[in-house]
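Student: What follows is my_file-v5.txt; its format and atoms are compact mmCIF, C-alpha atoms.
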# COMPACT_ATOMS: atom_id res chain seq x y z
CA MET M 106 -9.99 10.58 -27.26
CA ALA M 107 -7.95 11.38 -24.15
CA PRO M 108 -8.59 8.83 -21.40
CA LEU M 109 -10.21 9.38 -18.07
CA THR M 110 -7.09 9.11 -15.92
CA ILE M 111 -6.81 7.85 -12.37
CA LEU M 112 -3.62 8.48 -10.40
CA GLY M 113 -3.07 5.66 -7.93
CA THR M 114 -3.86 1.93 -7.92
CA GLY M 115 -4.60 1.45 -4.26
CA LEU M 116 -8.06 0.54 -3.02
CA ALA M 117 -9.38 3.93 -4.12
CA GLY M 118 -8.03 3.86 -7.67
CA TYR M 119 -8.94 0.25 -8.44
CA THR M 120 -12.35 0.40 -6.75
CA LEU M 121 -13.23 3.49 -8.75
CA ALA M 122 -12.09 1.84 -11.99
CA LYS M 123 -14.24 -1.24 -11.25
CA GLU M 124 -17.26 0.92 -10.49
CA ILE M 125 -16.74 2.91 -13.71
CA ARG M 126 -16.64 -0.32 -15.72
CA LYS M 127 -19.96 -1.42 -14.18
CA LEU M 128 -21.50 1.73 -15.71
CA ASP M 129 -19.51 2.24 -18.92
CA ALA M 130 -17.71 -0.58 -20.73
CA GLY M 131 -16.18 1.58 -23.43
CA LEU M 132 -14.83 4.73 -21.79
CA PRO M 133 -11.04 5.01 -22.39
CA LEU M 134 -9.43 4.50 -18.99
CA ARG M 135 -5.85 4.94 -17.85
CA LEU M 136 -4.34 4.35 -14.42
CA VAL M 137 -0.92 5.57 -13.36
CA THR M 138 0.95 4.22 -10.35
CA ALA M 139 4.35 4.72 -8.80
CA ASP M 140 4.48 1.09 -7.62
CA ASP M 141 4.04 -2.18 -9.52
CA GLY M 142 0.25 -1.91 -9.64
CA SER M 143 -0.46 -5.10 -7.71
CA ALA M 144 -4.04 -5.11 -6.43
CA TYR M 145 -4.11 -5.72 -2.69
CA SER M 146 -6.08 -4.46 0.27
CA LYS M 147 -4.12 -2.23 2.61
CA PRO M 148 -6.32 -2.99 5.64
CA MET M 149 -5.25 -6.64 5.33
CA LEU M 150 -1.58 -5.79 5.96
CA SER M 151 -2.12 -5.45 9.70
CA THR M 152 -3.60 -8.95 10.11
CA ALA M 153 -1.45 -10.93 7.65
CA LEU M 154 0.90 -12.58 10.17
CA ALA M 155 -1.87 -14.14 12.22
CA ARG M 156 -3.62 -15.26 9.05
CA GLY M 157 -0.40 -16.93 7.90
CA LYS M 158 -0.16 -14.82 4.73
CA THR M 159 3.10 -13.83 3.07
CA PRO M 160 3.29 -10.44 1.33
CA ASP M 161 3.02 -12.20 -2.05
CA GLU M 162 -0.14 -13.98 -0.92
CA LEU M 163 -1.77 -10.62 -0.22
CA VAL M 164 -1.64 -9.77 -3.92
CA MET M 165 -5.09 -10.42 -5.41
CA ALA M 166 -4.17 -9.57 -9.01
CA SER M 167 -1.16 -8.23 -10.91
CA ALA M 168 -1.25 -4.96 -12.85
CA ALA M 169 -1.45 -6.97 -16.09
CA ASP M 170 -4.47 -8.92 -14.77
CA MET M 171 -6.13 -5.69 -13.67
CA ALA M 172 -5.47 -4.05 -17.04
CA ARG M 173 -7.26 -6.95 -18.74
CA GLN M 174 -10.13 -7.07 -16.24
CA LEU M 175 -10.67 -3.33 -16.46
CA ASP M 176 -9.88 -2.93 -20.14
CA ALA M 177 -7.58 -0.10 -19.06
CA ARG M 178 -4.06 1.05 -19.71
CA ILE M 179 -2.05 0.83 -16.49
CA ASP M 180 1.30 2.58 -16.32
CA THR M 181 3.33 1.09 -13.47
CA ARG M 182 6.49 2.44 -11.82
CA THR M 183 5.53 5.80 -13.22
CA ARG M 184 5.77 8.97 -11.18
CA VAL M 185 3.60 11.94 -11.96
CA LEU M 186 5.78 15.04 -11.84
CA SER M 187 3.11 17.66 -12.41
CA ILE M 188 -0.43 18.28 -13.57
CA ASP M 189 -1.62 20.98 -15.91
CA PRO M 190 -5.35 21.23 -15.16
CA ALA M 191 -6.08 23.97 -17.73
CA GLY M 192 -4.23 22.12 -20.53
CA ARG M 193 -5.64 18.74 -19.34
CA ARG M 194 -2.16 17.27 -19.42
CA LEU M 195 -0.11 15.11 -17.15
CA HIS M 196 3.70 15.14 -16.96
CA THR M 197 5.37 11.93 -15.77
CA ASP M 198 8.89 10.54 -15.60
CA HIS M 199 7.86 8.33 -18.55
CA GLY M 200 6.50 11.08 -20.78
CA ASP M 201 3.47 13.34 -21.06
CA GLY M 202 -0.15 12.55 -21.76
CA ALA M 203 -3.57 14.13 -22.11
CA PHE M 204 -6.58 13.37 -19.92
CA SER M 205 -10.28 14.08 -20.30
CA GLN M 206 -10.97 14.02 -16.57
CA LEU M 207 -8.47 13.32 -13.80
CA VAL M 208 -8.95 11.59 -10.45
CA LEU M 209 -6.34 11.90 -7.74
CA ALA M 210 -6.43 8.71 -5.67
CA ILE M 211 -2.89 9.06 -4.38
CA GLY M 212 -3.37 8.31 -0.70
CA ALA M 213 -1.46 9.65 2.26
CA ASP M 214 2.12 9.75 3.49
CA PRO M 215 3.16 8.39 6.86
CA ILE M 216 4.26 11.17 9.19
CA ARG M 217 7.95 10.60 9.98
CA PRO M 218 8.98 10.86 13.60
CA GLN M 219 11.67 13.41 14.53
CA LEU M 220 14.51 11.22 15.74
CA ALA M 221 18.21 11.59 16.36
CA GLY M 222 20.73 8.77 16.08
CA ASP M 223 22.34 6.67 13.33
CA GLY M 224 19.38 4.25 13.25
CA ALA M 225 16.72 6.92 12.68
CA ASP M 226 16.61 6.33 8.93
CA ASP M 227 16.09 2.60 9.49
CA VAL M 228 12.76 3.18 11.26
CA LEU M 229 10.08 1.62 9.06
CA SER M 230 6.56 2.77 8.29
CA VAL M 231 4.11 0.43 6.60
CA ASN M 232 1.96 2.35 4.19
CA ASP M 233 1.86 0.02 1.18
CA LEU M 234 2.72 -3.49 0.08
CA ASP M 235 6.34 -2.63 -0.79
CA ASP M 236 6.82 -1.25 2.74
CA TYR M 237 5.20 -4.38 4.12
CA ARG M 238 7.64 -6.61 2.21
CA ARG M 239 10.56 -4.73 3.77
CA PHE M 240 8.96 -5.05 7.19
CA ARG M 241 8.52 -8.81 6.86
CA GLN M 242 12.05 -9.27 5.52
CA ARG M 243 13.50 -7.51 8.52
CA LEU M 244 11.22 -9.09 11.07
CA ASP M 245 13.38 -11.27 13.24
CA ALA M 246 11.79 -14.07 15.20
CA ASP M 247 13.79 -13.25 18.33
CA GLY M 248 14.04 -9.50 18.42
CA ARG M 249 11.63 -7.20 20.16
CA VAL M 250 9.58 -4.95 17.90
CA LEU M 251 9.20 -1.40 19.12
CA ILE M 252 6.19 0.45 17.72
CA LEU M 253 5.97 4.24 17.87
CA GLY M 254 2.31 5.22 18.19
CA ALA M 255 -0.50 3.34 19.94
CA GLY M 256 -3.21 4.47 17.56
CA LEU M 257 -5.27 2.27 15.25
CA ILE M 258 -2.41 1.03 13.06
CA GLY M 259 0.02 0.66 15.98
CA CYS M 260 -2.46 -1.41 18.00
CA GLU M 261 -3.42 -3.58 15.02
CA PHE M 262 0.21 -4.37 14.23
CA ALA M 263 0.93 -4.97 17.92
CA ASN M 264 -1.88 -7.50 18.10
CA ASP M 265 -0.81 -9.25 14.91
CA LEU M 266 2.85 -9.42 15.97
CA ALA M 267 2.17 -10.47 19.57
CA ALA M 268 -0.32 -13.15 18.52
CA SER M 269 2.39 -14.52 16.22
CA GLY M 270 4.93 -14.83 19.02
CA HIS M 271 6.82 -11.55 18.72
CA ALA M 272 7.68 -9.40 21.71
CA VAL M 273 6.21 -5.94 21.23
CA THR M 274 6.57 -2.61 23.02
CA LEU M 275 4.32 0.33 22.14
CA VAL M 276 5.43 3.90 22.87
CA ASP M 277 2.94 6.77 22.79
CA PRO M 278 2.87 10.27 24.29
CA ALA M 279 -0.80 9.83 25.29
CA PRO M 280 -1.70 8.21 28.62
CA GLN M 281 -3.62 5.39 26.89
CA ALA M 282 -4.05 3.34 23.71
CA LEU M 283 -6.24 4.71 20.89
CA GLY M 284 -6.20 8.07 22.66
CA ARG M 285 -8.03 9.89 19.86
CA LEU M 286 -10.75 7.25 19.58
CA LEU M 287 -11.51 5.60 22.91
CA PRO M 288 -12.49 6.81 26.36
CA ALA M 289 -10.11 5.56 29.06
CA ALA M 290 -12.28 2.64 30.25
CA GLY M 291 -12.39 1.10 26.78
CA ALA M 292 -8.67 1.61 26.30
CA ARG M 293 -7.93 -0.22 29.56
CA GLN M 294 -9.65 -3.37 28.29
CA LEU M 295 -7.73 -3.27 25.02
CA GLU M 296 -4.46 -2.65 26.86
CA GLN M 297 -5.10 -5.52 29.23
CA ALA M 298 -5.97 -7.94 26.42
CA LEU M 299 -2.81 -7.02 24.51
CA SER M 300 -0.73 -7.19 27.71
CA GLU M 301 -1.89 -10.77 28.13
CA LEU M 302 -0.29 -11.46 24.73
CA GLY M 303 2.95 -9.98 26.09
CA VAL M 304 2.66 -6.42 24.74
CA GLN M 305 4.42 -3.83 26.88
CA TRP M 306 3.31 -0.20 27.04
CA ARG M 307 5.30 3.00 27.47
CA PHE M 308 2.71 5.74 27.72
CA GLY M 309 3.41 9.42 28.28
CA SER M 310 6.67 9.20 26.42
CA THR M 311 8.19 9.58 22.98
CA ALA M 312 11.30 8.19 21.34
CA GLU M 313 14.14 10.70 20.94
CA ARG M 314 16.98 8.63 19.52
CA VAL M 315 17.39 5.40 17.62
CA ASP M 316 20.95 4.10 17.51
CA ARG M 317 22.23 0.97 15.84
CA ALA M 318 23.34 -1.61 18.40
CA GLY M 319 24.57 -5.04 17.37
CA GLN M 320 22.01 -6.62 15.06
CA GLY M 321 19.28 -4.26 16.22
CA TYR M 322 18.66 -0.88 17.75
CA ARG M 323 18.81 0.94 21.05
CA VAL M 324 15.94 3.40 21.41
CA THR M 325 16.18 6.26 23.90
CA LEU M 326 12.94 7.72 25.20
CA ALA M 327 12.35 11.31 26.31
CA ASP M 328 12.52 10.22 29.96
CA GLY M 329 16.04 8.90 29.39
CA SER M 330 15.15 5.20 29.55
CA ARG M 331 16.54 2.89 26.89
CA LEU M 332 14.91 -0.03 25.11
CA ASP M 333 16.48 -2.58 22.80
CA ALA M 334 14.63 -3.75 19.73
CA GLY M 335 15.36 -5.73 16.59
CA LEU M 336 13.05 -3.53 14.58
CA VAL M 337 11.44 -0.12 15.04
CA LEU M 338 8.12 0.59 13.34
CA SER M 339 6.57 4.04 13.21
CA ALA M 340 2.79 4.36 13.18
CA ILE M 341 2.29 7.92 14.37
CA GLY M 342 -0.16 8.98 11.70
CA LEU M 343 -0.84 9.78 8.06
CA ARG M 344 -0.95 13.03 6.15
CA PRO M 345 -2.95 13.27 2.89
CA ARG M 346 -0.74 13.75 -0.19
CA THR M 347 -1.51 17.27 -1.34
CA ALA M 348 1.77 18.49 -2.91
CA LEU M 349 0.93 17.51 -6.51
CA ALA M 350 -2.47 19.20 -6.30
CA ALA M 351 -1.12 22.29 -4.57
CA ALA M 352 1.64 22.69 -7.19
CA ALA M 353 -1.06 22.55 -9.88
CA GLY M 354 -2.89 25.43 -8.19
CA LEU M 355 -5.74 23.29 -6.82
CA ALA M 356 -7.22 24.19 -3.45
CA THR M 357 -5.79 22.14 -0.60
CA GLY M 358 -6.25 22.16 3.14
CA ARG M 359 -5.47 19.13 5.26
CA GLY M 360 -6.31 17.16 2.11
CA ILE M 361 -7.15 17.99 -1.49
CA GLU M 362 -10.31 20.04 -1.09
CA VAL M 363 -13.32 18.61 -2.89
CA ASP M 364 -17.07 19.14 -2.79
CA ARG M 365 -19.79 16.52 -2.39
CA TRP M 366 -19.25 15.45 -6.01
CA LEU M 367 -15.57 14.93 -5.10
CA ARG M 368 -14.74 17.75 -7.49
CA SER M 369 -11.69 19.88 -6.75
CA SER M 370 -11.37 23.59 -7.45
CA ASP M 371 -10.90 22.57 -11.13
CA ASP M 372 -14.08 21.12 -12.58
CA GLN M 373 -12.37 18.26 -14.44
CA VAL M 374 -10.14 17.17 -11.55
CA PHE M 375 -11.45 15.02 -8.70
CA ALA M 376 -10.01 13.39 -5.56
CA LEU M 377 -10.98 10.18 -3.77
CA GLY M 378 -9.86 8.33 -0.67
CA ASP M 379 -7.12 9.15 1.83
CA CYS M 380 -5.84 12.18 -0.14
CA ALA M 381 -9.21 13.94 -0.20
CA GLN M 382 -10.88 16.39 2.15
CA VAL M 383 -14.59 16.10 1.42
CA GLU M 384 -16.54 19.14 2.60
CA GLY M 385 -13.94 19.58 5.31
CA LEU M 386 -13.83 15.91 6.33
CA VAL M 387 -10.70 13.77 6.03
CA LEU M 388 -11.88 10.17 6.41
CA PRO M 389 -9.01 7.75 5.76
CA PHE M 390 -11.12 4.60 6.07
CA VAL M 391 -12.41 2.02 3.63
CA MET M 392 -16.13 2.59 3.93
CA PRO M 393 -16.16 6.28 2.93
CA LEU M 394 -13.87 5.35 0.05
CA MET M 395 -16.32 2.72 -1.23
CA GLN M 396 -19.26 5.14 -0.97
CA GLY M 397 -17.20 7.82 -2.70
CA ALA M 398 -16.08 5.49 -5.52
CA ARG M 399 -19.68 4.54 -6.36
CA ALA M 400 -20.89 8.13 -6.45
CA LEU M 401 -17.85 9.34 -8.38
CA ALA M 402 -18.14 6.57 -10.98
CA ALA M 403 -21.68 7.78 -11.69
CA THR M 404 -20.56 11.42 -11.85
CA LEU M 405 -17.69 10.65 -14.23
CA THR M 406 -19.92 8.69 -16.57
CA GLY M 407 -22.47 11.43 -16.96
CA SER M 408 -24.82 11.18 -13.95
CA PRO M 409 -23.63 13.73 -11.38
CA THR M 410 -24.12 12.08 -7.99
CA ALA M 411 -23.33 13.66 -4.63
CA VAL M 412 -21.62 11.48 -2.04
CA ARG M 413 -23.79 10.62 0.90
CA LEU M 414 -22.05 9.27 3.95
CA PRO M 415 -24.06 7.49 6.60
CA ALA M 416 -22.60 7.13 10.08
CA MET M 417 -19.68 4.77 9.61
CA PRO M 418 -18.14 3.19 12.68
CA VAL M 419 -14.52 2.11 12.37
CA VAL M 420 -13.62 -1.48 13.22
CA VAL M 421 -10.20 -1.77 14.85
CA LYS M 422 -8.70 -5.16 13.93
CA THR M 423 -7.45 -6.19 17.36
CA PRO M 424 -8.84 -9.71 17.75
CA ALA M 425 -7.53 -9.93 21.34
CA CYS M 426 -10.15 -7.30 22.21
CA PRO M 427 -12.50 -6.27 19.39
CA VAL M 428 -13.01 -2.52 19.19
CA VAL M 429 -15.56 -0.51 17.23
CA VAL M 430 -15.59 3.28 17.36
CA ALA M 431 -17.70 6.03 15.87
CA PRO M 432 -15.79 9.09 17.05
CA PRO M 433 -17.92 12.14 17.83
CA PRO M 434 -17.39 15.02 15.35
CA PRO M 435 -14.47 17.29 16.30
CA GLY M 436 -15.61 19.87 18.82
CA ALA M 437 -18.94 18.15 19.51
CA GLU M 438 -20.51 19.28 22.75
CA GLY M 439 -21.39 16.52 25.17
CA GLU M 440 -19.83 13.82 27.31
CA TRP M 441 -19.02 10.13 27.40
CA ARG M 442 -21.37 7.88 29.36
CA VAL M 443 -19.58 4.64 30.02
CA GLU M 444 -21.07 1.27 30.96
CA GLU M 445 -18.33 -1.12 31.92
CA SER M 446 -18.62 -4.83 32.54
CA ALA M 447 -16.09 -7.63 32.77
CA ASP M 448 -16.46 -8.57 29.11
CA GLY M 449 -16.85 -5.19 27.45
CA VAL M 450 -17.27 -1.44 27.51
CA LEU M 451 -20.18 0.40 25.94
CA ALA M 452 -19.50 4.13 25.81
CA ARG M 453 -22.01 6.59 24.38
CA PHE M 454 -21.01 10.16 23.57
CA GLU M 455 -24.19 12.09 24.24
CA ARG M 456 -25.03 15.67 23.40
CA PRO M 457 -26.62 17.82 26.12
CA ASP M 458 -30.09 16.84 24.77
CA GLY M 459 -29.26 13.15 25.21
CA SER M 460 -28.88 12.38 21.50
CA LEU M 461 -26.04 10.14 20.40
CA ALA M 462 -23.05 11.82 18.69
CA GLY M 463 -20.58 8.94 18.80
CA PHE M 464 -19.80 5.67 20.52
CA ALA M 465 -17.03 3.29 21.43
CA LEU M 466 -17.48 -0.45 22.01
CA THR M 467 -15.02 -3.08 23.18
CA GLY M 468 -15.23 -6.81 23.77
CA ALA M 469 -18.69 -8.35 23.82
CA ALA M 470 -20.29 -4.89 23.46
CA VAL M 471 -19.28 -4.74 19.77
CA ALA M 472 -22.49 -6.71 19.15
CA GLN M 473 -24.32 -3.39 19.77
CA LYS M 474 -22.71 -1.79 16.70
CA GLN M 475 -25.67 -1.94 14.31
CA ARG M 476 -28.19 -0.76 16.88
CA LEU M 477 -26.10 2.26 17.89
CA THR M 478 -25.15 3.10 14.30
CA ARG M 479 -28.83 3.50 13.48
CA GLU M 480 -29.07 6.10 16.28
CA LEU M 481 -26.27 8.26 14.83
CA PRO M 482 -26.79 11.14 12.42
CA PRO M 483 -25.17 10.74 8.96
CA LEU M 484 -21.68 12.16 8.42
CA LEU M 485 -22.83 13.79 5.19
CA GLY M 486 -26.60 13.51 4.85
CA MET L 40 -22.78 -24.25 6.15
CA LYS L 41 -19.87 -22.19 4.84
CA LYS L 42 -18.01 -19.06 5.79
CA TRP L 43 -17.14 -16.25 3.43
CA GLN L 44 -14.45 -13.66 3.95
CA CYS L 45 -14.28 -10.10 2.67
CA VAL L 46 -10.99 -9.76 0.78
CA VAL L 47 -10.80 -6.05 1.58
CA CYS L 48 -11.26 -5.93 5.36
CA GLY L 49 -11.35 -9.53 6.57
CA PHE L 50 -14.97 -9.54 7.75
CA ILE L 51 -16.34 -13.09 7.86
CA TYR L 52 -19.91 -13.97 6.92
CA ASP L 53 -20.91 -17.19 8.65
CA GLU L 54 -23.96 -18.76 6.98
CA GLU L 55 -24.84 -20.56 10.21
CA GLN L 56 -25.15 -17.29 12.15
CA GLY L 57 -26.45 -15.03 9.41
CA LEU L 58 -26.61 -11.31 10.21
CA PRO L 59 -29.84 -10.89 12.19
CA ASP L 60 -29.03 -7.19 12.79
CA GLU L 61 -29.25 -6.62 9.04
CA GLY L 62 -32.30 -8.77 8.52
CA ILE L 63 -30.38 -11.81 7.26
CA ALA L 64 -31.65 -14.82 9.17
CA PRO L 65 -29.33 -17.50 10.60
CA GLY L 66 -28.81 -20.23 8.03
CA THR L 67 -29.04 -17.91 5.02
CA ARG L 68 -26.81 -19.25 2.28
CA TRP L 69 -24.39 -16.92 0.56
CA GLU L 70 -26.08 -17.31 -2.81
CA ASP L 71 -29.39 -16.19 -1.27
CA ILE L 72 -28.02 -12.84 -0.10
CA PRO L 73 -29.07 -10.00 -2.44
CA GLU L 74 -26.52 -8.92 -5.05
CA ASP L 75 -26.63 -5.31 -3.81
CA TRP L 76 -25.61 -6.35 -0.31
CA GLU L 77 -22.46 -4.68 1.05
CA CYS L 78 -19.90 -5.74 3.64
CA PRO L 79 -21.11 -4.32 6.98
CA GLU L 80 -17.56 -3.39 8.00
CA CYS L 81 -16.08 -1.79 4.89
CA GLY L 82 -18.86 -1.42 2.34
CA VAL L 83 -17.44 -3.50 -0.53
CA SER L 84 -19.94 -5.23 -2.76
CA LYS L 85 -20.82 -8.90 -2.61
CA ASP L 86 -18.64 -9.83 -5.60
CA ASP L 87 -15.53 -8.83 -3.64
CA PHE L 88 -15.98 -11.62 -1.11
CA GLU L 89 -14.32 -14.99 -1.39
CA MET L 90 -15.01 -18.30 0.30
CA VAL L 91 -13.08 -19.31 3.38
CA GLU L 92 -12.60 -22.92 4.37
CA ILE L 93 -14.92 -24.10 7.10
CA GLU L 94 -13.09 -24.17 10.40
CA ALA L 95 -12.81 -27.60 12.00
Hey, can you dump this file as structure tokens for me?

Tutor:
Amino acid sequence: MAPLTILGTGLAGYTLAKEIRKLDAGLPLRLVTADDGSAYSKPMLSTALARGKTPDELVMASAADMARQLDARIDTRTRVLSIDPAGRRLHTDHGDGAFSQLVLAIGADPIRPQLAGDGADDVLSVNDLDDYRRFRQRLDADGRVLILGAGLIGCEFANDLAASGHAVTLVDPAPQALGRLLPAAGARQLEQALSELGVQWRFGSTAERVDRAGQGYRVTLADGSRLDAGLVLSAIGLRPRTALAAAAGLATGRGIEVDRWLRSSDDQVFALGDCAQVEGLVLPFVMPLMQGARALAATLTGSPTAVRLPAMPVVVKTPACPVVVAPPPPGAEGEWRVEESADGVLARFERPDGSLAGFALTGAAVAQKQRLTRELPPLLG
Amino acid sequence: MKKWQCVVCGFIYDEEQGLPDEGIAPGTRWEDIPEDWECPECGVSKDDFEMVEIEA
């Protein structure tokens, strides 16, 4: 019997496999991954320095361990070249194979910045453990780290690096940190807390060139100013991986389009995690992935189960100034009402009728998370 | 009293403090938390937590 096949062994792929095994011990299961199949948690990459963890210590289990635990075949260092949904076949650089059902859990690609200069190709992004190994190898105790993008990942890495004694500069075209998530008052507290760790900010600007200079780089910003850094890290955003699905004729938008059963436009092909667009929503966070994996495991083992998503605030791992945000839905009508005190900001995004559509909390106000979450409508009820 | 850390997101459950917001009283031991409990920050299940050394 052709195996149920999962593409990807990140949090989405492995979590789904574990959930399937809780429901069905005997179903033939195959996972295919382009990397070495080590089980690790991507959210932990941005706090590893401060926790004193090496990249190797972030590995929770090897592919061989996971294959035993899951009673699954795991093909590592294997790239999927194309999918034939109608023929239920998969073509890889290590041969072809049949599948009964297929789950795409292939994640997202970092968006590459448009840069000139002979150092542009040396700009790192950290999107997986292999990237993180390269980042740690090149991290120099003395050199300044320049981070492009002051969003969630940029701020988390800045906090981790600065708390571990590195000099950090963040560059972002927005006028503030976490511009897509936080109202200005909340951002100011985060910026101040990170500044106290030595982080420098260059808002309202973008990098245009990265040139090699000595052991490091000289970065030229759009305003003509120049900054020297030992390492340049890009964290300007992620884009769901849709090319494989699109080439197979599956419907794609911003992500691989799936319904509430995580089913794509082909009824035996599903998508989970950062690559998926669920009923229009792209939610590249852990909690929706966990909810999705549980529902999908039930669906794939014979009990069709729609994904329900409660309101799920996002915790930004910036220990210098804890931040929790539940962004209002795109285009939501209403306004931020901000209560600011010395030790925190509590911002409610209220609709014209006074109901809560989102919130942002910093500092001591993060203690209000549970109470406010209960006031929010579900993302997918 | 011990502390337990979520291996997926880093959330720490401190037995001494409990999680009063979720109806888990201060002093609740890890083994007394229901098996269907999920990490409040990332949603992983209880069996994905591991113990963290008590801080001095």

Student: Taking only C-alpha atoms into account, report as a compact mmCIF listing (two decimals) with C-alpha atoms, keeping the file's coordinate frame which residues of chain L lie within 9 Å of chain M.

Tutor:
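In the end it all went to iface.txt:
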# COMPACT_ATOMS: atom_id res chain seq x y z
CA VAL L 46 -10.99 -9.76 0.78
CA VAL L 47 -10.80 -6.05 1.58
CA CYS L 48 -11.26 -5.93 5.36
CA GLY L 49 -11.35 -9.53 6.57
CA ASP L 60 -29.03 -7.19 12.79
CA GLU L 61 -29.25 -6.62 9.04
CA PRO L 79 -21.11 -4.32 6.98
CA GLU L 80 -17.56 -3.39 8.00
CA CYS L 81 -16.08 -1.79 4.89
CA GLY L 82 -18.86 -1.42 2.34
CA VAL L 83 -17.44 -3.50 -0.53
CA SER L 84 -19.94 -5.23 -2.76

Student: Name the closest residue to Asp245 of chain M among the candidates M:Ala107, M:Cys380, M:Leu134, M:Ala334; distances are taken between atoms, counting only C-alpha atoms.

Tutor: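 Distance minimum relative to Asp245 of chain M lands on M:Ala334.
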
Student: Between atom CA of Phe88 of chain L and atom CA of Trp43 of chain L, measure the distance and give it in Å to one decimal.

Tutor: 6.6 Å

Student: Which residue is closest to Asp87 of chain L? Choose from L:Ala64, L:Pro59, L:Met40, L:Cys45 and count all atoms listed in the file.

Tutor: L:Cys45

Student: May I ask which of the residues L:Gly62, L:Lys41, L:Phe50, L:Glu55 is the closest one to Lys85 of chain L, counting only C-alpha atoms?

Tutor: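 Nearest candidate to Lys85 of chain L out of L:Gly62, L:Lys41, L:Phe50, L:Glu55: L:Phe50.
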
Student: Would you compute the distance between atom CA of Glu296 of chain M and atom CA of Val228 of chain M? Give it in Å to one decimal.

Tutor: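 That distance, rounded to one decimal, is 24.0 Å.
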
Student: Would you mind reading off the distance between atom CA of Gly131 of chain M and atom CA of Leu349 of chain M, one decimal, in Å?

Tutor: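 Those two atoms sit 28.9 Å apart.
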
Student: Select from segment 283-397 of chain M every residue with an atom at most 8 Å from any atom of segment 207-222 of chain M, then for each give the shortest pair of atoms and their distance in Å to one decimal, using only C-alpha atoms, rows by chain and rising number, as a tab-separated table.

Tutor:
residue	atom	partner	partner_atom	distance
M:Ala312	CA	M:Leu220	CA	7.1
M:Glu313	CA	M:Leu220	CA	5.2
M:Arg314	CA	M:Ala221	CA	4.5
M:Val315	CA	M:Gly222	CA	5.0
M:Asp316	CA	M:Gly222	CA	4.9
M:Arg317	CA	M:Gly222	CA	7.9
M:Ser339	CA	M:Pro218	CA	7.2
M:Ala340	CA	M:Pro215	CA	7.5
M:Ile341	CA	M:Ile216	CA	6.4
M:Gly342	CA	M:Ile216	CA	5.5
M:Leu343	CA	M:Pro215	CA	4.4
M:Arg344	CA	M:Ala213	CA	5.2
M:Pro345	CA	M:Ala213	CA	4.0
M:Arg346	CA	M:Ala213	CA	4.8
M:Gln373	CA	M:Leu207	CA	6.3
M:Val374	CA	M:Leu207	CA	4.8
M:Phe375	CA	M:Val208	CA	4.6
M:Ala376	CA	M:Leu209	CA	4.5
M:Leu377	CA	M:Ala210	CA	5.1
M:Gly378	CA	M:Ala210	CA	6.1
M:Asp379	CA	M:Gly212	CA	4.6
M:Cys380	CA	M:Gly212	CA	4.6
